[in-house]
Structures are given as C-alpha cells and as structure tokens.
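Below is work-v7.cif, holding mmCIF, C-alpha atoms.
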```cif
data_coords
#
loop_
_atom_site.label_atom_id
_atom_site.label_comp_id
_atom_site.auth_asym_id
_atom_site.auth_seq_id
_atom_site.Cartn_x
_atom_site.Cartn_y
_atom_site.Cartn_z
CA MET A 7 0.00 0.00 0.00
CA GLY A 8 2.82 2.37 0.84
CA GLU A 9 4.47 1.85 -2.52
CA LEU A 10 1.15 2.36 -4.36
CA ALA A 11 0.47 5.61 -2.52
CA ALA A 12 3.96 6.85 -3.29
CA ALA A 13 3.45 6.10 -7.00
CA GLU A 14 0.16 8.00 -7.05
CA ILE A 15 1.74 11.01 -5.33
CA ALA A 16 4.60 11.03 -7.85
CA ALA A 17 2.15 10.86 -10.78
CA ALA A 18 0.17 13.76 -9.36
CA GLN A 19 3.33 15.81 -8.98
CA ARG A 20 4.27 15.15 -12.63
CA THR A 21 0.84 16.27 -13.89
CA THR A 22 0.97 19.48 -11.87
CA THR A 23 4.53 20.39 -12.77
CA ALA A 24 4.26 19.58 -16.51
CA PRO A 25 2.19 22.65 -17.51
CA ALA A 26 4.48 24.89 -15.53
CA SER A 27 7.43 23.53 -17.41
CA ARG A 28 5.68 23.98 -20.75
CA GLY A 29 4.53 27.50 -19.98
CA PRO A 30 7.84 29.29 -20.45
CA GLY A 31 8.41 27.39 -23.69
CA ARG A 32 5.19 28.79 -25.17
CA GLY A 33 6.05 32.31 -24.10
CA GLU A 34 9.44 32.05 -25.69
CA ALA A 35 7.90 30.73 -28.91
CA SER A 36 5.34 33.55 -29.05
CA ALA A 37 8.08 36.12 -28.42
CA GLU A 38 10.14 34.64 -31.21
CA GLN A 39 7.13 34.81 -33.52
CA ALA A 40 6.42 38.44 -32.57
CA ARG A 41 9.92 39.55 -33.50
CA PRO A 42 9.68 38.49 -37.18
CA ARG A 43 6.23 40.12 -37.45
CA GLY A 44 7.57 43.40 -36.17
CA GLY A 45 10.48 43.21 -38.58
CA ARG A 46 8.15 42.41 -41.46
CA ARG A 47 5.98 45.42 -40.68
CA ARG A 48 9.00 47.67 -40.57
CA ARG A 49 10.17 46.36 -43.91
CA GLU A 50 6.72 46.94 -45.41
CA SER A 51 6.74 50.48 -44.07
CA VAL A 52 10.17 51.08 -45.61
CA TYR A 53 8.94 49.73 -48.97
CA GLN A 54 5.89 51.98 -48.85
CA TRP A 55 7.98 55.06 -48.23
CA ALA A 56 10.43 53.96 -50.91
CA PHE A 57 7.60 54.05 -53.46
CA LEU A 58 6.05 57.22 -52.05
CA VAL A 59 9.13 59.43 -51.79
CA PRO A 60 9.89 59.54 -55.56
CA ALA A 61 6.28 60.52 -56.31
CA VAL A 62 6.33 63.26 -53.67
CA ALA A 63 9.70 64.51 -54.91
CA TYR A 64 8.38 64.57 -58.48
CA LEU A 65 5.31 66.59 -57.44
CA ILE A 66 7.37 69.07 -55.46
CA LEU A 67 10.00 69.48 -58.19
CA PHE A 68 7.80 69.67 -61.28
CA PHE A 69 4.54 71.04 -59.84
CA GLY A 70 5.17 72.69 -56.51
CA TYR A 71 8.28 74.64 -57.48
CA PRO A 72 6.86 76.08 -60.75
CA VAL A 73 3.68 77.21 -58.96
CA VAL A 74 5.64 78.93 -56.19
CA LYS A 75 8.13 80.42 -58.65
CA ASN A 76 5.36 81.75 -60.85
CA LEU A 77 3.72 83.36 -57.83
CA VAL A 78 6.97 85.02 -56.79
CA VAL A 79 7.73 86.26 -60.33
CA SER A 80 4.30 87.89 -60.53
CA PHE A 81 5.39 90.29 -57.77
CA GLN A 82 8.69 91.18 -59.46
CA ASP A 83 9.85 93.27 -62.39
CA TYR A 84 11.13 90.19 -64.17
CA GLY A 85 12.36 90.73 -67.73
CA THR A 86 15.13 89.72 -70.11
CA ALA A 87 17.68 91.81 -68.16
CA THR A 88 17.10 89.59 -65.15
CA PHE A 89 18.79 86.68 -66.93
CA TYR A 90 22.01 88.72 -67.15
CA THR A 91 21.97 90.73 -63.95
CA GLY A 92 20.06 88.33 -61.76
CA GLU A 93 18.12 91.28 -60.38
CA ALA A 94 14.32 91.32 -60.29
CA PRO A 95 13.05 94.27 -58.25
CA TRP A 96 10.02 93.66 -56.05
CA VAL A 97 7.03 95.64 -57.37
CA GLY A 98 4.21 94.19 -55.30
CA PHE A 99 0.82 94.19 -57.03
CA ALA A 100 1.95 96.53 -59.83
CA ASN A 101 1.94 93.69 -62.40
CA TYR A 102 -1.61 92.72 -61.44
CA ALA A 103 -2.72 96.34 -61.72
CA LYS A 104 -1.17 96.62 -65.21
CA VAL A 105 -2.78 93.51 -66.65
CA LEU A 106 -6.17 94.22 -65.09
CA GLY A 107 -6.10 97.82 -66.31
CA SER A 108 -4.92 97.06 -69.84
CA SER A 109 -7.32 97.60 -72.73
CA ILE A 110 -7.00 94.01 -73.94
CA PHE A 111 -7.91 92.37 -70.64
CA THR A 112 -11.65 93.00 -71.03
CA THR A 113 -11.61 91.56 -74.54
CA ALA A 114 -9.56 88.55 -73.45
CA ALA A 115 -11.82 87.90 -70.46
CA LEU A 116 -14.97 88.08 -72.61
CA ASN A 117 -13.44 85.79 -75.25
CA THR A 118 -12.39 83.36 -72.52
CA ALA A 119 -15.95 83.24 -71.17
CA LEU A 120 -17.46 82.73 -74.63
CA PHE A 121 -14.85 80.17 -75.61
CA THR A 122 -15.34 78.21 -72.39
CA ALA A 123 -19.14 78.31 -72.45
CA GLY A 124 -19.38 77.36 -76.11
CA SER A 125 -16.82 74.57 -75.82
CA ILE A 126 -18.34 73.03 -72.68
CA ALA A 127 -21.89 73.21 -74.04
CA GLY A 128 -20.96 71.59 -77.34
CA GLN A 129 -18.69 68.93 -75.84
CA PHE A 130 -21.12 67.95 -73.11
CA VAL A 131 -24.32 67.85 -75.19
CA ILE A 132 -22.77 65.89 -78.06
CA GLY A 133 -20.78 63.68 -75.68
CA LEU A 134 -23.85 62.83 -73.60
CA ALA A 135 -25.92 62.09 -76.72
CA LEU A 136 -23.23 59.75 -78.05
CA ALA A 137 -22.79 58.06 -74.66
CA VAL A 138 -26.54 57.34 -74.45
CA PHE A 139 -26.50 56.15 -78.06
CA PHE A 140 -23.61 53.74 -77.49
CA ARG A 141 -25.25 52.34 -74.35
CA LYS A 142 -27.34 50.20 -76.66
CA ARG A 143 -25.16 47.52 -78.13
CA PHE A 144 -25.19 47.02 -81.87
CA PRO A 145 -22.76 45.65 -84.47
CA LEU A 146 -19.46 47.54 -84.67
CA SER A 147 -20.32 49.64 -81.60
CA GLY A 148 -16.95 48.81 -80.02
CA LEU A 149 -15.09 49.83 -83.19
CA LEU A 150 -16.97 53.10 -83.46
CA ARG A 151 -16.27 53.92 -79.81
CA SER A 152 -12.58 53.30 -80.46
CA LEU A 153 -12.60 55.62 -83.48
CA LEU A 154 -14.17 58.35 -81.35
CA LEU A 155 -10.99 58.42 -79.27
CA LEU A 156 -8.83 59.54 -82.21
CA PRO A 157 -9.34 63.31 -81.70
CA TRP A 158 -8.31 62.85 -78.08
CA LEU A 159 -5.22 60.78 -78.91
CA LEU A 160 -3.80 62.96 -81.67
CA PRO A 161 -1.23 65.60 -80.67
CA LEU A 162 -2.95 68.98 -80.41
CA ILE A 163 -0.39 70.68 -82.61
CA ALA A 164 -1.04 68.12 -85.34
CA SER A 165 -4.80 68.54 -84.94
CA GLY A 166 -4.40 72.31 -85.13
CA ALA A 167 -2.35 72.08 -88.33
CA VAL A 168 -4.91 69.80 -89.99
CA TRP A 169 -7.85 72.00 -88.97
CA LYS A 170 -6.04 75.10 -90.17
CA TRP A 171 -5.84 73.51 -93.61
CA ILE A 172 -9.48 72.40 -93.46
CA LEU A 173 -10.66 75.91 -92.53
CA ASP A 174 -8.45 77.76 -94.98
CA LYS A 175 -10.41 80.31 -97.01
CA ASP A 176 -8.95 79.55 -100.44
CA SER A 177 -7.97 75.87 -100.46
CA GLY A 178 -9.65 74.53 -97.35
CA ALA A 179 -11.61 71.29 -97.58
CA LEU A 180 -14.61 72.76 -95.76
CA ASN A 181 -15.04 75.67 -98.15
CA GLN A 182 -14.58 73.42 -101.15
CA PHE A 183 -17.29 71.11 -99.81
CA LEU A 184 -19.69 74.00 -99.16
CA GLU A 185 -19.03 75.49 -102.60
CA ALA A 186 -19.64 72.11 -104.26
CA LEU A 187 -23.06 72.01 -102.59
CA HIS A 188 -23.67 75.63 -103.65
CA LEU A 189 -24.22 76.65 -100.04
CA VAL A 190 -21.75 79.54 -100.20
CA PRO A 191 -20.74 81.53 -103.29
CA ASN A 192 -17.18 82.24 -102.13
CA GLY A 193 -14.80 80.90 -99.53
CA VAL A 194 -15.72 81.70 -95.94
CA PRO A 195 -12.88 83.37 -93.98
CA TRP A 196 -13.21 81.10 -90.96
CA LEU A 197 -9.85 82.05 -89.43
CA THR A 198 -9.36 85.57 -90.76
CA SER A 199 -12.72 87.14 -89.93
CA THR A 200 -13.12 88.95 -86.63
CA SER A 201 -16.68 87.61 -86.33
CA LEU A 202 -15.90 83.97 -87.22
CA ALA A 203 -12.45 83.27 -85.79
CA LEU A 204 -13.69 82.60 -82.25
CA VAL A 205 -16.54 80.45 -83.57
CA ALA A 206 -14.11 78.36 -85.60
CA VAL A 207 -11.79 77.90 -82.63
CA VAL A 208 -14.72 76.84 -80.43
CA GLY A 209 -15.82 74.31 -83.05
CA VAL A 210 -12.37 72.73 -83.21
CA ASN A 211 -12.11 72.58 -79.42
CA VAL A 212 -15.53 70.89 -79.26
CA TRP A 213 -14.29 68.26 -81.71
CA ILE A 214 -11.24 67.63 -79.52
CA GLY A 215 -13.18 67.44 -76.24
CA ILE A 216 -16.01 65.12 -77.32
CA PRO A 217 -14.04 61.87 -76.72
CA PHE A 218 -13.32 62.79 -73.10
CA ASN A 219 -16.99 63.47 -72.40
CA VAL A 220 -18.12 60.30 -74.16
CA THR A 221 -15.63 58.14 -72.28
CA ILE A 222 -16.49 59.43 -68.79
CA LEU A 223 -20.25 59.64 -69.33
CA TYR A 224 -20.38 56.21 -70.97
CA GLY A 225 -18.59 54.74 -67.97
CA GLY A 226 -21.15 56.39 -65.68
CA LEU A 227 -24.03 54.98 -67.69
CA GLN A 228 -22.63 51.46 -67.31
CA ASP A 229 -23.07 51.71 -63.54
CA ILE A 230 -26.83 52.27 -63.83
CA PRO A 231 -28.61 48.88 -63.39
CA ASP A 232 -30.90 47.76 -66.22
CA GLU A 233 -33.47 46.73 -63.60
CA LEU A 234 -34.22 50.39 -62.93
CA TYR A 235 -35.13 50.97 -66.57
CA GLU A 236 -37.28 47.87 -66.56
CA ALA A 237 -39.10 49.05 -63.44
CA ALA A 238 -39.53 52.52 -64.96
CA ALA A 239 -40.92 50.98 -68.15
CA LEU A 240 -43.58 49.19 -66.12
CA ASP A 241 -44.66 52.60 -64.84
CA GLY A 242 -44.75 53.98 -68.37
CA ALA A 243 -41.44 55.89 -68.15
CA THR A 244 -39.63 55.27 -71.42
CA GLY A 245 -37.53 57.36 -73.76
CA TRP A 246 -37.19 60.94 -72.53
CA ARG A 247 -39.07 60.23 -69.28
CA ALA A 248 -36.70 57.38 -68.45
CA PHE A 249 -33.74 59.63 -69.12
CA ARG A 250 -35.19 62.41 -66.96
CA HIS A 251 -36.22 60.29 -63.97
CA VAL A 252 -33.64 57.48 -64.05
CA THR A 253 -30.56 58.32 -66.11
CA TRP A 254 -30.02 61.97 -65.21
CA PRO A 255 -30.39 61.72 -61.40
CA LEU A 256 -28.00 58.76 -61.19
CA LEU A 257 -25.56 60.33 -63.65
CA ARG A 258 -25.31 63.69 -61.86
CA PRO A 259 -22.15 62.86 -59.84
CA VAL A 260 -20.34 61.93 -63.06
CA VAL A 261 -21.72 65.02 -64.80
CA ASN A 262 -20.33 67.22 -62.02
CA VAL A 263 -16.86 65.76 -62.50
CA VAL A 264 -17.01 66.10 -66.28
CA LEU A 265 -18.14 69.73 -66.17
CA VAL A 266 -15.62 70.84 -63.55
CA LEU A 267 -12.70 69.17 -65.30
CA GLY A 268 -13.92 70.44 -68.65
CA VAL A 269 -14.14 74.05 -67.52
CA VAL A 270 -10.75 73.98 -65.78
CA TYR A 271 -9.13 72.45 -68.86
CA THR A 272 -10.88 74.76 -71.34
CA LEU A 273 -9.94 77.92 -69.44
CA LYS A 274 -6.27 77.19 -70.03
CA VAL A 275 -6.48 76.01 -73.66
CA LEU A 276 -3.56 77.55 -75.51
CA ASP A 277 -2.11 75.39 -78.25
CA ILE A 278 -5.24 75.08 -80.40
CA ILE A 279 -5.80 78.85 -80.46
CA LEU A 280 -2.14 79.54 -81.21
CA ALA A 281 -2.11 76.96 -84.01
CA LEU A 282 -5.29 78.27 -85.66
CA THR A 283 -5.41 82.03 -85.18
CA GLY A 284 -2.65 83.04 -82.78
CA GLY A 285 -5.25 85.08 -80.90
CA GLY A 286 -6.18 87.16 -83.94
CA PRO A 287 -7.35 88.70 -86.07
CA ALA A 288 -7.39 91.96 -84.10
CA ASN A 289 -7.52 90.02 -80.80
CA SER A 290 -10.92 88.58 -81.72
CA SER A 291 -9.87 85.14 -80.46
CA GLN A 292 -7.46 86.29 -77.77
CA THR A 293 -8.07 84.69 -74.39
CA ILE A 294 -6.48 85.14 -70.98
CA ALA A 295 -4.29 82.09 -71.59
CA THR A 296 -3.02 83.29 -74.97
CA GLU A 297 -2.48 86.82 -73.65
CA SER A 298 -0.45 85.44 -70.74
CA TYR A 299 1.66 83.49 -73.24
CA ALA A 300 2.15 86.57 -75.42
CA LEU A 301 3.24 88.71 -72.47
CA SER A 302 5.71 86.09 -71.25
CA PHE A 303 7.22 84.61 -74.40
CA GLN A 304 6.65 87.21 -77.10
CA GLU A 305 7.04 90.49 -75.23
CA PHE A 306 9.23 88.95 -72.46
CA ARG A 307 7.31 90.71 -69.68
CA PHE A 308 7.44 87.69 -67.42
CA GLY A 309 6.11 89.45 -64.34
CA GLU A 310 2.92 90.56 -66.06
CA GLY A 311 2.52 87.22 -67.82
CA SER A 312 2.82 85.38 -64.51
CA ALA A 313 0.30 87.73 -62.91
CA LEU A 314 -2.21 87.08 -65.68
CA GLY A 315 -1.61 83.34 -65.40
CA ASN A 316 -2.27 83.46 -61.67
CA ILE A 317 -5.51 85.34 -62.29
CA LEU A 318 -6.57 82.53 -64.61
CA VAL A 319 -5.71 79.93 -61.96
CA LEU A 320 -7.73 81.87 -59.40
CA ILE A 321 -10.73 82.03 -61.73
CA SER A 322 -10.54 78.25 -62.23
CA LEU A 323 -10.38 77.58 -58.48
CA VAL A 324 -13.27 79.92 -57.71
CA PHE A 325 -15.46 78.34 -60.37
CA ALA A 326 -14.63 74.81 -59.23
CA LEU A 327 -15.40 75.62 -55.58
CA ILE A 328 -18.68 77.39 -56.37
CA TYR A 329 -19.88 74.68 -58.73
CA LEU A 330 -18.96 71.81 -56.43
CA ARG A 331 -20.64 73.50 -53.48
CA ALA A 332 -23.79 74.16 -55.49
CA SER A 333 -23.81 70.56 -56.72
CA ARG A 334 -23.43 69.25 -53.17
CA ARG A 335 -26.36 71.35 -52.00
CA GLY A 336 -28.44 70.07 -54.90
CA VAL A 337 -27.69 66.46 -53.98
CA GLU A 338 -28.49 67.06 -50.29
CA ASP A 339 -31.78 68.78 -51.14
#
```
Any chance you could give the structure as structure tokens?
Amino acid sequence: MGELAAAEIAAAQRTTTAPASRGPGRGEASAEQARPRGGRRRRESVYQWAFLVPAVAYLILFFGYPVVKNLVVSFQDYGTATFYTGEAPWVGFANYAKVLGSSIFTTAALNTALFTAGSIAGQFVIGLALAVFFRKRFPLSGLLRSLLLLPWLLPLIASGAVWKWILDKDSGALNQFLEALHLVPNGVPWLTSTSLALVAVVGVNVWIGIPFNVTILYGGLQDIPDELYEAAALDGATGWRAFRHVTWPLLRPVVNVVLVLGVVYTLKVLDIILALTGGGPANSSQTIATESYALSFQEFRFGEGSALGNILVLISLVFALIYLRASRRGVED
C-alpha cells in the first residue's frame, strides 16, 4: 500500500509540474514569432515610403516649385535683363494692376468666357448624346467607340495644323465642300474674320473634347442597373421620361466631375488657339491664356505674364469651388 500511494503522489506531482514547465516554452515561442512580425511590418513600411518618396519629390520638383516660382515672379519686375543681372526688383501688385487695367484684358476675359461656355456646351451635349447612343449595343459599336478616341489621342499641334488647312479660305476642304453644294458663293474666312475666328476655334475645341466626355459619361451609364429601366418601363417611363427620372439623377455625380474638369481644362487652352489664329485677327480670339503666353514669351514681360496666369488659376479655383458647393447642395436637397 505504501508503494502504491507513493506512486500516485509522484504521478500527481508530474501532472501538476508539466504545464508549468511547458509555460515558459510557449512564451518564448510567441516572443520569437512576434519579432519576425515586427520586422516584417518595418520592412513593409520602408517599402511603402520607398515608393512614395519619388512621387512626392516629383510633385514638389515639377509642380510645386513652378507654382511657387510663378507666384513670386508675378510680384517682381522680371524681364530679359534679369537673366544677365540676376536682379528682379520687387514691385508688389503693380503687375496685377497693369494687366487688369490694360485695354486688352476686357476683350480677353470676354473671349475666354465665350470660348469656355461654347466649348463646354458643345462637348457635353454631343458627348452625352453619343454616350446614351452607345449604351445600346449594336454591331461595330466597339469599333466606333474606339474611333471616337482619335481626336483625343492625336497631338494637339497636329490637330491644329490639320484643322487650319481644313478651314483655310482659299484651299480649305470645308469651303470646297460648301461650294460644291452651292451653299456659299465664295470661300468663308473662318480664321481671318473677326466675327468667325472665335466660332471656328470653339468648333475645333468641341471636336477635340467630345471623346473625353463620351468616355467618362459612358462609364457612368454602365453603372446604372438595367433593372431600374425595366421598373420605370412598367410605370410607363420610357424614352425621354426614363432619361429624366432614371438616367439623369443617377448620372449627376459623373456630370459634375465632367463639367468641372472640362471648364478647368478649357480655361487654359492655348495650343489650339495659337495653331489656328494666334489670338487674332485683331484680338478677336485672344483669351487670358493666350495673352499670358504673349506677355511672357513674345514680349518677355514675365512678371505681367505670370500675374495674368495666376488670375486665370484663381478664376478656375473659384469656379470649381462654387460649382462643387452648389452641386453638393443640390444632392443634399
């Protein structure tokens, strides 16, 4: 009996001491596992910063610095002599006062407003109509959508050169076509008439901007479920009524983005106008962007050109903020 009791006591001691002996082993294993995890997280953080730093440096170098430099130059008397002497006297808001008080500023501002309004209206209306049209699948729809991207993909200088030939008064393809149909007796001076130059430039810019509107609006239409149109059809809402009560409300967020980006881009359009008319004739197609270019790189009055460019940037920001705020209120209401 004594031996049996001793054996039972020894077995009990082994069962009670075994977990205690295994406990430290588990703690050590968990600690060893925690160390590699911490190291892995640190490595991931280093990799993330390694990818982020070049992008931030690129933005600061090629976007941040030019913006700050342009702002500083607008407050200086910065001309060709500055490149030799290195001196650019501080003049404060004198450059802004000069460009705002010049006789051409009113004309450039009015042309900019007309150019922007006409371009956005034409691009958006035609782009939305084409996006709704291509929502219905039919043979060769994919090919036609691809061809619509060509005006967007071509270099703007090349597009401007081609359109300048098309709109030429004497040998332009458009005038030859209109004369063949006996619609006009003589060639129309699309680019040399003070009353038609801005209209021609707007028409070309509409042609260039249609693909962007079609692409974005078509993508927005794809997110609208077909079930909503089927339910609307059961209630008798088809055609225009379906567009008004189903398509337009659900497409408004995309429309807001398209219009804001379109206006901001159109306000600073430069190359097309320079390629077609150069801002003429008699400043009839001169905009704030082209006038800023002329002051900076034709007359070498960099301070005034920078001031006018900053005014254009400010106009773009104010419009974007006002429009986005109004759109947000409309959605909340």
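With atom CA of Leu204 of chain A on one side and atom CA of Ser291 of chain A on the other, the separation reads 4.9 Å.
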Which residues fall under the PyMOL selection byres ((chain A and resi 247-261) around 8) in this file, as number ranges by chain? A: 222-223, 226-227, 230, 234-235, 238-239, 243-246, 262-265
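Separating atom CA of Gln182 of chain A from atom CA of Val168 of chain A is a distance of 15.2 Å.
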Surrounding residues of segment 324-328 of chain A excluding itself and chain neighbours under 6 positions, 9 Å, only C-alpha atoms, as a compact mmCIF listing (two decimals) with C-alpha atoms, in the frame of the given file:
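Below is the file that was written, part_19.txt:
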```txt
# COMPACT_ATOMS: atom_id res chain seq x y z
CA VAL A 266 -15.62 70.84 -63.55
CA LEU A 267 -12.70 69.17 -65.30
CA VAL A 269 -14.14 74.05 -67.52
CA VAL A 270 -10.75 73.98 -65.78
```
Using Å and a single decimal, report how far atom CA of Gly286 of chain A sits from atom CA of Ser125 of chain A. 18.4 Å
Would you list the residues near (-20.0, 68.4, -81.8), meaning any protein, DNA or RNA residue with an atom at most 9 Å from that point in file coordinates, counting all atoms listed in the file, as a PDB file with C-alpha atoms, keeping the file's coordinate frame?
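Written file, result-v2.pdb:
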```pdb
ATOM      1  CA  GLY A 128     -20.960  71.590 -77.340  1.00  0.00           C
ATOM      2  CA  GLN A 129     -18.690  68.930 -75.840  1.00  0.00           C
ATOM      3  CA  PHE A 130     -21.120  67.950 -73.110  1.00  0.00           C
ATOM      4  CA  VAL A 131     -24.320  67.850 -75.190  1.00  0.00           C
ATOM      5  CA  ILE A 132     -22.770  65.890 -78.060  1.00  0.00           C
ATOM      6  CA  GLY A 133     -20.780  63.680 -75.680  1.00  0.00           C
ATOM      7  CA  GLY A 209     -15.820  74.310 -83.050  1.00  0.00           C
ATOM      8  CA  VAL A 210     -12.370  72.730 -83.210  1.00  0.00           C
ATOM      9  CA  VAL A 212     -15.530  70.890 -79.260  1.00  0.00           C
ATOM     10  CA  TRP A 213     -14.290  68.260 -81.710  1.00  0.00           C
ATOM     11  CA  GLY A 215     -13.180  67.440 -76.240  1.00  0.00           C
ATOM     12  CA  ILE A 216     -16.010  65.120 -77.320  1.00  0.00           C
TER      13      ILE A 216
END
```
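Nearest to Ala87 of chain A of all the residues A:Asp232, A:Ala295, A:Phe306, A:Leu240 is A:Phe306, based on all atoms listed in the file.
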